[in-house]
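**Q** The following file, entry.cif, comprises mmCIF, C-alpha atoms:
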data_input
#
loop_
_atom_site.label_atom_id
_atom_site.label_comp_id
_atom_site.auth_asym_id
_atom_site.auth_seq_id
_atom_site.Cartn_x
_atom_site.Cartn_y
_atom_site.Cartn_z
CA MET A 1 0.00 0.00 0.00
CA ALA A 2 1.29 3.48 -0.92
CA LYS A 3 2.66 5.66 1.89
CA THR A 4 0.45 8.50 3.05
CA TYR A 5 1.98 11.98 3.30
CA THR A 6 0.80 15.11 5.03
CA VAL A 7 -0.05 18.27 3.10
CA ALA A 8 2.99 19.99 4.60
CA GLN A 9 5.30 17.18 3.45
CA LEU A 10 3.95 17.33 -0.10
CA ASN A 11 4.25 21.11 -0.27
CA ALA A 12 7.80 20.91 1.10
CA TYR A 13 8.72 18.36 -1.57
CA VAL A 14 7.28 20.51 -4.36
CA SER A 15 9.00 23.59 -2.94
CA ASN A 16 12.33 21.76 -3.03
CA LEU A 17 11.76 20.86 -6.68
CA PHE A 18 11.25 24.55 -7.47
CA ARG A 19 14.42 25.52 -5.60
CA GLU A 20 16.49 22.96 -7.51
CA ASP A 21 15.27 24.17 -10.91
CA PHE A 22 17.97 26.51 -12.26
CA LEU A 23 15.59 28.28 -14.63
CA LEU A 24 13.08 29.17 -11.91
CA GLY A 25 15.86 30.60 -9.72
CA GLY A 26 16.14 33.76 -11.82
CA VAL A 27 13.53 34.74 -14.41
CA ARG A 28 12.23 37.93 -16.00
CA ILE A 29 8.46 37.98 -16.45
CA ARG A 30 6.58 40.61 -18.45
CA GLY A 31 2.96 41.50 -17.78
CA GLU A 32 0.40 43.91 -16.36
CA LEU A 33 0.06 44.64 -12.63
CA SER A 34 -3.29 44.17 -10.92
CA ASN A 35 -4.55 43.81 -7.34
CA VAL A 36 -1.51 45.73 -6.04
CA LYS A 37 -1.59 45.85 -2.23
CA TYR A 38 0.94 47.57 0.06
CA HIS A 39 0.89 45.65 3.35
CA ALA A 40 1.58 47.23 6.71
CA SER A 41 4.63 44.98 7.03
CA GLY A 42 6.20 46.70 4.04
CA HIS A 43 5.63 43.80 1.64
CA ILE A 44 3.91 44.39 -1.70
CA TYR A 45 1.49 41.80 -3.06
CA PHE A 46 0.22 41.83 -6.64
CA THR A 47 -0.95 39.78 -9.59
CA LEU A 48 1.01 39.77 -12.84
CA LYS A 49 -1.20 38.95 -15.81
CA ASP A 50 -1.45 38.92 -19.56
CA SER A 51 -4.30 38.09 -21.92
CA GLU A 52 -4.09 34.35 -21.17
CA ALA A 53 -2.90 33.77 -17.61
CA GLU A 54 -2.16 35.22 -14.17
CA LEU A 55 0.71 34.80 -11.72
CA ARG A 56 0.85 35.78 -8.06
CA GLY A 57 3.76 37.95 -7.04
CA VAL A 58 5.30 39.46 -3.93
CA VAL A 59 8.01 42.05 -3.27
CA TYR A 60 9.33 41.62 0.25
CA ARG A 61 10.17 44.67 2.32
CA GLN A 62 13.95 44.58 1.81
CA ASN A 63 13.44 44.69 -1.97
CA ALA A 64 10.46 47.06 -1.90
CA LEU A 65 12.62 49.79 -0.38
CA SER A 66 14.77 49.91 -3.53
CA LEU A 67 11.88 50.38 -5.98
CA ARG A 68 12.13 53.67 -7.85
CA GLU A 69 8.41 54.09 -8.42
CA ARG A 70 5.24 53.14 -6.58
CA LEU A 71 3.51 50.16 -8.16
CA LYS A 72 0.00 50.71 -9.49
CA ASP A 73 -2.69 48.62 -11.16
CA GLY A 74 -2.44 48.62 -14.94
CA MET A 75 1.32 49.25 -15.12
CA GLN A 76 3.17 47.28 -17.81
CA VAL A 77 6.30 45.99 -16.10
CA VAL A 78 9.09 43.44 -16.23
CA CYS A 79 9.57 41.63 -12.89
CA THR A 80 12.86 39.92 -12.03
CA GLY A 81 12.93 37.24 -9.36
CA ALA A 82 12.58 33.55 -8.48
CA VAL A 83 9.51 31.33 -8.75
CA THR A 84 8.94 29.79 -5.32
CA VAL A 85 6.25 27.83 -3.49
CA TYR A 86 4.40 29.41 -0.60
CA GLU A 87 4.16 26.17 1.37
CA ARG A 88 1.54 27.40 3.79
CA ALA A 89 -1.03 27.95 1.02
CA GLY A 90 0.27 25.40 -1.49
CA VAL A 91 0.59 27.94 -4.32
CA TYR A 92 3.55 29.14 -6.34
CA GLN A 93 4.44 32.80 -6.71
CA LEU A 94 7.08 35.13 -8.13
CA ASN A 95 9.42 36.28 -5.38
CA THR A 96 10.27 39.59 -7.03
CA LYS A 97 13.64 41.25 -6.52
CA ALA A 98 13.26 44.16 -8.97
CA VAL A 99 10.46 45.80 -10.98
CA GLU A 100 10.98 48.00 -14.00
CA LYS A 101 8.58 49.64 -16.37
CA LEU A 102 8.27 47.85 -19.67
CA GLY A 103 11.01 49.15 -21.93
CA GLN A 104 12.91 50.97 -19.15
CA GLY A 105 15.52 48.24 -18.82
CA GLU A 106 16.17 48.19 -22.56
CA LEU A 107 16.48 52.00 -22.57
CA TYR A 108 18.99 51.93 -19.74
CA GLU A 109 21.10 49.31 -21.49
CA LEU A 110 21.04 51.43 -24.67
CA TYR A 111 21.97 54.46 -22.59
CA LEU A 112 25.00 52.67 -21.12
CA GLN A 113 26.12 51.37 -24.52
CA ARG A 114 25.90 54.82 -26.06
CA LEU A 115 27.63 56.37 -23.05
CA ARG A 116 30.57 53.97 -23.30
CA ALA A 117 30.87 54.44 -27.08
CA LEU A 118 30.96 58.24 -26.90
CA GLU A 119 33.35 58.17 -23.96
CA ALA A 120 35.69 55.94 -25.97
CA GLU A 121 35.65 58.53 -28.76
CA GLY A 122 36.77 61.22 -26.32
CA LEU A 123 33.62 63.36 -26.30
CA PHE A 124 33.75 63.55 -22.49
CA ASP A 125 37.45 64.39 -22.25
CA PRO A 126 37.95 67.35 -19.85
CA ALA A 127 40.54 68.73 -22.26
CA HIS A 128 37.71 69.65 -24.63
CA LYS A 129 35.79 71.62 -21.99
CA LYS A 130 35.50 75.34 -22.81
CA PRO A 131 35.73 77.87 -19.96
CA LEU A 132 32.65 79.92 -19.22
CA PRO A 133 32.94 83.74 -19.39
CA ARG A 134 32.79 85.52 -16.07
CA PHE A 135 30.24 88.05 -17.34
CA VAL A 136 27.43 87.04 -19.67
CA LYS A 137 25.81 89.67 -21.88
CA THR A 138 23.87 87.39 -24.21
CA LEU A 139 22.45 84.11 -22.95
CA GLY A 140 21.12 81.59 -25.45
CA VAL A 141 18.52 79.07 -24.33
CA VAL A 142 17.36 75.97 -26.20
CA THR A 143 14.18 74.70 -24.55
CA SER A 144 10.42 74.64 -24.81
CA PRO A 145 8.81 78.11 -24.75
CA SER A 146 5.82 76.75 -22.80
CA GLY A 147 7.69 74.81 -20.11
CA ALA A 148 8.59 75.84 -16.58
CA ALA A 149 12.32 75.71 -17.38
CA ILE A 150 12.38 78.94 -19.44
CA HIS A 151 10.51 80.80 -16.70
CA ASP A 152 13.01 79.65 -14.04
CA ILE A 153 15.98 80.51 -16.26
CA GLN A 154 14.64 84.00 -16.93
CA THR A 155 13.86 84.62 -13.25
CA VAL A 156 17.31 83.60 -11.99
CA ALA A 157 19.18 85.25 -14.90
CA TYR A 158 17.50 88.64 -14.34
CA GLN A 159 18.12 88.39 -10.60
CA GLN A 160 21.84 87.99 -11.28
CA ASN A 161 22.01 90.47 -14.18
CA PRO A 162 18.97 92.61 -14.99
CA TYR A 163 20.59 93.69 -18.29
CA VAL A 164 21.34 90.21 -19.68
CA LYS A 165 19.90 89.53 -23.11
CA ILE A 166 18.16 86.16 -23.39
CA VAL A 167 17.78 84.64 -26.86
CA LEU A 168 15.33 81.73 -26.88
CA PHE A 169 15.28 79.07 -29.54
CA PRO A 170 11.89 77.30 -29.12
CA ALA A 171 12.60 73.60 -29.41
CA LEU A 172 10.85 70.33 -28.77
CA VAL A 173 12.21 68.70 -25.63
CA GLN A 174 10.28 65.44 -25.70
CA GLY A 175 9.25 62.95 -28.38
CA GLN A 176 10.61 61.48 -31.59
CA ASP A 177 11.27 64.82 -33.31
CA ALA A 178 12.92 66.45 -30.28
CA PRO A 179 16.59 65.49 -31.05
CA ALA A 180 16.53 67.11 -34.48
CA SER A 181 14.85 70.22 -33.03
CA ILE A 182 17.47 70.54 -30.26
CA VAL A 183 20.32 70.12 -32.75
CA ARG A 184 18.89 72.95 -34.89
CA GLY A 185 18.69 75.15 -31.81
CA ILE A 186 22.32 74.50 -30.77
CA ARG A 187 23.63 75.24 -34.24
CA ALA A 188 21.46 78.34 -34.67
CA LEU A 189 22.51 79.94 -31.35
CA ASP A 190 26.15 78.99 -31.95
CA ALA A 191 26.00 80.80 -35.29
CA TYR A 192 24.19 83.76 -33.67
CA GLY A 193 27.12 84.33 -31.33
CA VAL A 194 25.72 84.12 -27.79
CA ASP A 195 28.17 84.17 -24.87
CA VAL A 196 26.78 81.06 -23.15
CA MET A 197 24.17 78.53 -24.22
CA ILE A 198 21.81 76.64 -21.91
CA VAL A 199 20.18 73.47 -23.27
CA GLY A 200 17.62 71.77 -21.11
CA ARG A 201 14.17 71.24 -19.68
CA GLY A 202 12.46 70.28 -16.41
CA GLY A 203 12.59 66.86 -14.75
CA GLY A 204 10.88 63.70 -15.95
CA SER A 205 11.24 60.01 -16.49
CA MET A 206 13.96 58.39 -18.58
CA GLU A 207 11.57 58.24 -21.51
CA ASP A 208 10.78 61.95 -21.14
CA LEU A 209 14.48 62.92 -21.11
CA TRP A 210 15.54 60.44 -23.77
CA CYS A 211 16.07 63.06 -26.48
CA PHE A 212 19.03 64.42 -24.45
CA ASN A 213 20.64 60.97 -24.71
CA ASP A 214 20.51 61.12 -28.49
CA GLU A 215 23.89 60.84 -30.23
CA ARG A 216 23.07 63.72 -32.60
CA VAL A 217 22.52 66.09 -29.68
CA ALA A 218 25.76 64.97 -28.03
CA ARG A 219 27.81 65.52 -31.19
CA ALA A 220 26.21 68.91 -31.85
CA ALA A 221 27.08 70.08 -28.31
CA HIS A 222 30.62 68.76 -28.67
CA ALA A 223 31.13 70.60 -31.97
CA CYS A 224 29.67 73.86 -30.62
CA LYS A 225 32.11 76.78 -30.29
CA THR A 226 29.96 78.41 -27.64
CA PRO A 227 30.22 77.11 -24.05
CA VAL A 228 27.25 74.82 -23.44
CA ILE A 229 25.55 74.32 -20.11
CA SER A 230 23.33 71.24 -19.71
CA ALA A 231 20.32 72.02 -17.51
CA VAL A 232 18.28 68.85 -17.94
CA GLY A 233 16.03 67.73 -15.12
CA HIS A 234 16.93 67.50 -11.47
CA GLU A 235 20.11 66.47 -9.68
CA SER A 236 19.20 62.76 -9.95
CA ASP A 237 18.56 63.00 -13.70
CA VAL A 238 21.76 62.27 -15.65
CA THR A 239 21.83 62.37 -19.45
CA ILE A 240 24.58 61.99 -22.04
CA LEU A 241 24.38 65.72 -22.74
CA ASP A 242 25.56 66.32 -19.13
CA PHE A 243 28.84 64.57 -19.92
CA VAL A 244 29.40 66.35 -23.23
CA ALA A 245 28.48 69.86 -22.07
CA ASP A 246 31.07 72.23 -20.65
CA LEU A 247 29.07 72.45 -17.44
CA ARG A 248 26.15 70.61 -15.94
CA ALA A 249 23.58 72.63 -13.99
CA ALA A 250 20.67 70.65 -12.59
CA THR A 251 18.89 73.90 -11.64
CA PRO A 252 18.72 77.28 -13.42
CA SER A 253 20.38 79.04 -10.47
CA ALA A 254 23.56 77.00 -10.95
CA ALA A 255 23.81 78.20 -14.53
CA ALA A 256 23.22 81.85 -13.68
CA GLU A 257 25.46 82.23 -10.66
CA ARG A 258 28.76 83.03 -12.34
CA GLY A 259 30.45 84.32 -9.21
CA VAL A 260 32.18 80.99 -8.50
CA PRO A 261 32.85 79.38 -11.90
CA ASN A 262 35.68 77.16 -10.66
CA LEU A 263 33.47 75.65 -7.96
CA GLU A 264 30.75 74.98 -10.51
CA ALA A 265 33.21 73.23 -12.80
CA GLU A 266 34.51 71.12 -9.93
CA LEU A 267 30.97 70.15 -8.97
CA ALA A 268 30.26 69.13 -12.56
CA LEU A 269 33.40 66.97 -12.66
CA LEU A 270 32.48 65.42 -9.34
CA SER A 271 29.00 64.65 -10.68
CA ARG A 272 30.45 62.85 -13.71
CA ALA A 273 32.91 60.95 -11.53
CA ARG A 274 30.13 59.97 -9.17
CA GLU A 275 28.06 58.63 -12.05
CA ARG A 276 30.97 56.58 -13.38
CA LEU A 277 31.67 55.24 -9.90
CA ARG A 278 28.01 54.36 -9.39
CA TYR A 279 27.95 52.48 -12.70
CA ALA A 280 31.17 50.58 -11.88
CA LEU A 281 29.95 49.67 -8.40
CA GLN A 282 26.55 48.56 -9.69
CA THR A 283 28.22 46.37 -12.31
CA LYS A 284 30.47 44.81 -9.67
CA VAL A 285 27.56 44.24 -7.30
CA ASN A 286 25.50 42.58 -10.04
CA LEU A 287 28.43 40.32 -10.91
CA LEU A 288 28.98 39.30 -7.29
CA ARG A 289 25.26 38.79 -6.75
CA GLU A 290 25.10 36.47 -9.75
CA ARG A 291 28.11 34.50 -8.53
CA SER A 292 26.57 34.22 -5.07
CA ARG A 293 23.26 33.04 -6.51
CA ARG A 294 24.98 30.35 -8.56
CA ALA A 295 27.10 29.20 -5.61
CA ASN A 296 24.02 29.08 -3.39
CA PHE A 297 22.18 27.04 -5.99
CA LEU A 298 25.04 24.54 -6.28
CA LEU A 299 25.28 24.32 -2.49
CA ARG A 300 21.57 23.54 -2.13
CA LEU A 301 21.78 21.05 -4.96
CA ASN A 302 24.60 19.10 -3.29
CA THR A 303 23.52 19.26 0.35
CA PRO A 304 23.66 15.68 1.71
CA GLU A 305 20.43 16.08 3.62
CA GLU A 306 18.57 17.23 0.52
CA LEU A 307 20.04 14.44 -1.60
CA ILE A 308 19.16 11.80 1.00
CA ARG A 309 15.63 13.14 1.41
CA ALA A 310 15.07 13.20 -2.34
CA ARG A 311 16.42 9.66 -2.69
CA LYS A 312 14.19 8.41 0.14
CA LEU A 313 11.13 9.86 -1.54
CA ARG A 314 12.17 8.25 -4.81
CA VAL A 315 12.70 4.85 -3.14
CA GLU A 316 9.28 5.06 -1.50
CA GLU A 317 7.71 5.86 -4.84
CA LEU A 318 9.47 2.94 -6.56
CA ARG A 319 8.45 0.62 -3.72
CA ARG A 320 4.83 1.67 -4.06
CA GLN A 321 4.92 1.10 -7.82
CA LEU A 322 6.53 -2.34 -7.33
CA ARG A 323 3.88 -3.43 -4.84
CA SER A 324 1.15 -2.23 -7.16
CA GLU A 325 2.60 -4.09 -10.15
CA LEU A 326 3.10 -7.31 -8.17
CA PHE A 327 -0.46 -7.15 -6.86
CA ASN A 328 -1.86 -6.64 -10.37
CA LYS A 329 0.23 -9.48 -11.82
CA LYS A 330 -0.80 -11.87 -9.00
CA ASN A 331 -4.46 -11.13 -9.60
CA ALA A 332 -4.03 -11.66 -13.34
CA ARG A 333 -2.32 -15.05 -12.86
CA LEU A 334 -4.95 -16.14 -10.32
CA ALA A 335 -7.72 -15.33 -12.76
CA GLU A 336 -5.97 -17.36 -15.50
CA PHE A 337 -5.54 -20.31 -13.12
CA ARG A 338 -9.21 -20.28 -12.15
CA LEU A 339 -10.24 -20.21 -15.81
CA LEU A 340 -8.01 -23.17 -16.68
CA ALA A 341 -9.28 -25.12 -13.65
CA ALA A 342 -12.86 -24.55 -14.75
CA ARG A 343 -12.05 -25.73 -18.25
CA LEU A 344 -10.30 -28.83 -16.85
CA ARG A 345 -13.25 -29.72 -14.68
CA ALA A 346 -15.60 -29.30 -17.62
CA ALA A 347 -13.47 -31.65 -19.79
CA SER A 348 -12.97 -34.33 -17.07
CA PRO A 349 -14.73 -37.67 -17.83
CA LEU A 350 -15.50 -37.99 -14.15
CA ASN A 351 -18.16 -35.34 -14.56
CA ARG A 352 -20.00 -37.64 -16.94
CA LEU A 353 -20.25 -40.63 -14.53
CA THR A 354 -23.88 -40.03 -13.67
CA GLY A 355 -27.16 -41.63 -14.78
CA GLY A 356 -25.69 -45.17 -15.20
CA TYR A 357 -22.59 -44.23 -17.21
CA ALA A 358 -19.24 -45.88 -16.47
CA TYR A 359 -15.64 -45.48 -17.54
CA ALA A 360 -13.98 -48.60 -19.06
CA ALA A 361 -10.24 -49.13 -18.86
CA HIS A 362 -7.79 -51.92 -19.75
CA ALA A 363 -5.80 -53.66 -17.08
CA ASP A 364 -2.93 -51.19 -17.59
CA GLY A 365 -5.28 -48.27 -16.94
CA SER A 366 -5.56 -47.05 -20.55
CA ALA A 367 -9.02 -46.08 -21.75
CA VAL A 368 -11.08 -48.44 -23.91
CA THR A 369 -11.69 -46.50 -27.09
CA GLY A 370 -13.95 -49.03 -28.83
CA VAL A 371 -14.82 -52.72 -29.29
CA SER A 372 -12.05 -53.04 -31.84
CA ALA A 373 -9.55 -52.70 -29.00
CA LEU A 374 -11.10 -55.57 -26.96
CA GLU A 375 -10.37 -59.27 -26.89
CA THR A 376 -12.51 -62.11 -25.58
CA GLY A 377 -11.54 -63.04 -22.04
CA GLU A 378 -9.76 -59.73 -21.39
CA GLN A 379 -10.01 -58.31 -17.91
CA LEU A 380 -11.42 -54.80 -17.75
CA ARG A 381 -12.14 -52.33 -15.00
CA LEU A 382 -15.31 -50.28 -14.93
CA ARG A 383 -15.32 -47.08 -12.92
CA PHE A 384 -18.61 -45.76 -11.69
CA LEU A 385 -19.36 -42.56 -9.85
CA ASP A 386 -19.33 -44.34 -6.50
CA GLY A 387 -16.60 -46.98 -7.16
CA GLU A 388 -15.02 -49.57 -9.47
CA ALA A 389 -15.75 -53.11 -10.68
CA GLY A 390 -13.69 -55.77 -12.48
CA VAL A 391 -15.30 -57.50 -15.49
CA THR A 392 -14.32 -60.12 -18.10
CA VAL A 393 -15.10 -59.73 -21.79
CA GLU A 394 -17.11 -62.78 -22.85
CA THR A 395 -18.53 -61.68 -26.17
CA ILE A 396 -17.77 -58.94 -28.60
CA SER A 397 -20.47 -57.54 -30.88
CA ARG A 398 -19.70 -54.83 -33.43
CA ARG A 399 -22.40 -52.46 -34.72
CA GLN A 400 -23.17 -52.77 -38.43
CA PRO A 401 -23.59 -49.70 -40.66
CA GLU A 402 -27.04 -50.80 -41.76
CA THR A 403 -28.10 -50.98 -38.18
CA GLU A 404 -26.69 -47.49 -37.53
CA GLU A 405 -28.61 -46.12 -40.50
CA LYS A 406 -31.74 -47.91 -39.40
CA HIS A 407 -31.41 -46.59 -35.90
CA GLY A 408 -30.74 -43.18 -37.32
CA ARG A 409 -33.98 -43.28 -39.42
CA GLU A 410 -35.96 -44.58 -36.51
CA ALA A 411 -34.64 -41.81 -34.38
#
Show how you would write the structure in this file as structure tokens.

**A**
Amino acid sequence: MAKTYTVAQLNAYVSNLFREDFLLGGVRIRGELSNVKYHASGHIYFTLKDSEAELRGVVYRQNALSLRERLKDGMQVVCTGAVTVYERAGVYQLNTKAVEKLGQGELYELYLQRLRALEAEGLFDPAHKKPLPRFVKTLGVVTSPSGAAIHDIQTVAYQQNPYVKIVLFPALVQGQDAPASIVRGIRALDAYGVDVMIVGRGGGSMEDLWCFNDERVARAAHACKTPVISAVGHESDVTILDFVADLRAATPSAAAERGVPNLEAELALLSRARERLRYALQTKVNLLRERSRRANFLLRLNTPEELIRARKLRVEELRRQLRSELFNKKNARLAEFRLLAARLRAASPLNRLTGGYAYAAHADGSAVTGVSALETGEQLRLRFLDGEAGVTVETISRRQPETEEKHGREA
């Protein structure tokens, strides 16, 4: 009989199978968020779905703290984590380590590739940085005329120098056509002859600021004879234009305060160095995390206790299958034996020894097959249902064909 397991034992066995599966240890799943719930413990529970299926997911508190954006229903995301079994409920879920908006990861990889390529060409070399003039008479600005950035730039610029002349080139700062528009603005103001040029816009997501990561914008700023200040987004927003420009100013006031130009330049260099350091550290951390995950997987896979437990379960399963097969084969052979015994009993001449019939045999025990096998004076044995009798053949009379036919017609 098969061994009976508890629900907890079964769920533990299934959970171990999930942990030993290398693929399930680190997967990236794309889908739409729904039923997002922020628990008081700090954990985030959600459902990841597409048009055909749903998957439960959880972001535990230690990972939830590193999320850049609050999760909401309807968001299209890519979740990175491990598929595990929640043994208490007997369901599997995605233990999520990181969540990124759909397409954000690909954009960041493209950003890093483009950053490394332009850096290798020397576009970020400090030797190419142009000094900013101490006094600015004409300030060129490439930005949207309807955004908040131009208002802030004007306010701070006039506070520092009420007589400064601001030349605005209205440009698109978001969307597919924005890079070409920004390039036209840089070239136009460079040809106009402004003292300093500010290129930028307010803060936003990576997608919103993507036009300032365009290679055409970077090359136009690098080729510009006029000192270029990058004023894109907030302090945490870093674009490729920030590395190419002669100065990075996350806020308009940093661009307008020309009283301490050396300090501004040092801050810009420190910002670039910080970004490079952050990228190098993140790459190293990711590499070490991957090595640790692989080592942990191999350790779990080769733990003696786990191997013994898995083998025991396998032996129990094989034992159950063997008992089941032996039981089925025994029943099949028993049924065949009973059928053959029934056929043997039906064919036995002893079953016919009723109603005055007897079984005749020669002295050696062989059956008498007909009168042709008899001789006068031969000793025979007759077996009846209730015993035997010895007889002597005195006469032999053979049936004639005519008589058989006659008896047949009479019948």

**Q** Evaluate the PyMOL selection byres ((chain A and resi 12-22) around 10) against this structure - the residues, as a PyMOL selection string, please.

**A** chain A and resi 6-11+23-27+82-88+90-92+294+297-298+300-302+306+309-310+313

**Q** Would you compute the distance between atom CA of Arg114 of chain A and atom CA of Tyr279 of chain A? Give it in Å to one decimal.

**A**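 Separation of atom CA of Arg114 of chain A and atom CA of Tyr279 of chain A: 13.7 Å.
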
**Q** Please enumerate the residues selected by the PyMOL selection byres ((chain A and resi 70) around 12) when evaluated against the supplied file, formatted as a PyMOL selection string.

**A** chain A and resi 33+36-38+44+59+64-69+71-73+75+77+99-101

**Q** Could you check how far atom CA of Leu299 of chain A sits from atom CA of Lys284 of chain A, in Å to one decimal?

**A**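 About the pair atom CA of Leu299 of chain A and atom CA of Lys284 of chain A: they are 22.3 Å apart.
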
**Q** Let me make sure I understand: among A:Leu123, A:Ala363, A:Ala249, A:Leu112, which one has the smallest atom-to-atom distance to Asn213 of chain A if we use all atoms listed in the file?

**A** A:Leu112

**Q** For Ala180 of chain A, which residue among A:Glu207, A:Asp214, A:Glu394, A:Glu305 is the nearest when counting only C-alpha atoms?

**A** A:Asp214

**Q** If we count all atoms listed in the file, what is near Val194 of chain A at a cut-off of 10 Å, once residues fewer than 5 positions away on the same chain are taken out, given as a VMD selection string?

**A** chain A and resid 136 to 141 165 to 167 188 to 189 226 to 227

**Q** Would you mind telling me which residue in A:Leu241, A:Leu288, A:Ala361, A:Val371 lies nearest to Arg383 of chain A when using all atoms listed in the file?

**A**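 Between A:Leu241, A:Leu288, A:Ala361, A:Val371, the residue approaching Arg383 of chain A most closely is A:Ala361.
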
**Q** What gap, in Å, lies between atom CA of Asp237 of chain A and atom CA of Pro170 of chain A?

**A**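 The value is 22.1 Å.
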
**Q** In terms of the shortest atom-to-atom distance over all atoms listed in the file, which of A:Gly31, A:Gly122, A:Gly57, A:Pro133 is closest to Val78 of chain A?

**A**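 Checking each candidate against Val78 of chain A, we get A:Gly31 as the closest.
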
**Q** Contacts of Val183 of chain A at 9 Å or less, counting only C-alpha atoms, minus same-chain residues fewer than 2 places along, as a list in words?

**A**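 Here the qualifying residues turn out to be Ala178, Pro179, Ala180, Ser181, Gly185, Ile186, Arg187, Ala188, Arg216, Val217, Ala218, Arg219, Ala220 and Ala221 of chain A.
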
**Q** Tell me, as a PDB file with C-alpha atoms, in the coordinates of the input, which residues lie within 6 Å of Ala245 of chain A, counting only C-alpha atoms; anything in the same chain fewer than 4 positions away does not count.

**A**
ATOM      1  CA  VAL A 228      27.250  74.820 -23.440  1.00  0.00           C
ATOM      2  CA  ILE A 229      25.550  74.320 -20.110  1.00  0.00           C
ATOM      3  CA  SER A 230      23.330  71.240 -19.710  1.00  0.00           C
ATOM      4  CA  LEU A 241      24.380  65.720 -22.740  1.00  0.00           C
TER       5      LEU A 241
END

**Q** For this structure, which residues satisfy the selection - the PyMOL selection byres ((chain A and resi 125) around 12) - when it is evaluated on the file as given? I want them as a list in words.

**A** Leu118, Glu119, Ala120, Glu121, Gly122, Leu123, Phe124, Pro126, Ala127, His128, Lys129, Lys130, His222, Phe243, Val244, Ala245, Asp246, Leu269 and Arg272 of chain A

**Q** Using only C-alpha atoms, pick whichever of A:Ser34, A:Leu339, A:Ala98, A:Glu109 has the shortest atom-to-atom distance to Gly74 of chain A.

**A**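 Comparing A:Ser34, A:Leu339, A:Ala98, A:Glu109 against Gly74 of chain A, the winner is A:Ser34.
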
**Q** Hey, what's within 12 Å of Val393 of chain A if we count all atoms listed in the file and toss same-chain stuff fewer than 2 positions away? As a list in words, please?

**A**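 The filter keeps Ala360, His362, Val371, Ala373, Leu374, Glu375, Thr376, Gly377, Glu378, Gln379, Leu380, Arg381, Leu382, Gly390, Val391, Thr395, Ile396 and Ser397 of chain A.
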
**Q** Which residue, A:Lys312, A:Val142, A:Val232, A:Ser324, has the smallest gap to Arg248 of chain A when you use all atoms listed in the file?

**A**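 Going through A:Lys312, A:Val142, A:Val232, A:Ser324 one by one, the smallest distance to Arg248 of chain A is for A:Val232.
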
**Q** Residues at most 12 Å from Arg314 of chain A, counting all atoms listed in the file, excluding those fewer than 6 positions away in the same chain, as an NGL selection string?

**A** :A and (3 or 13 or 307-308 or 320-321)
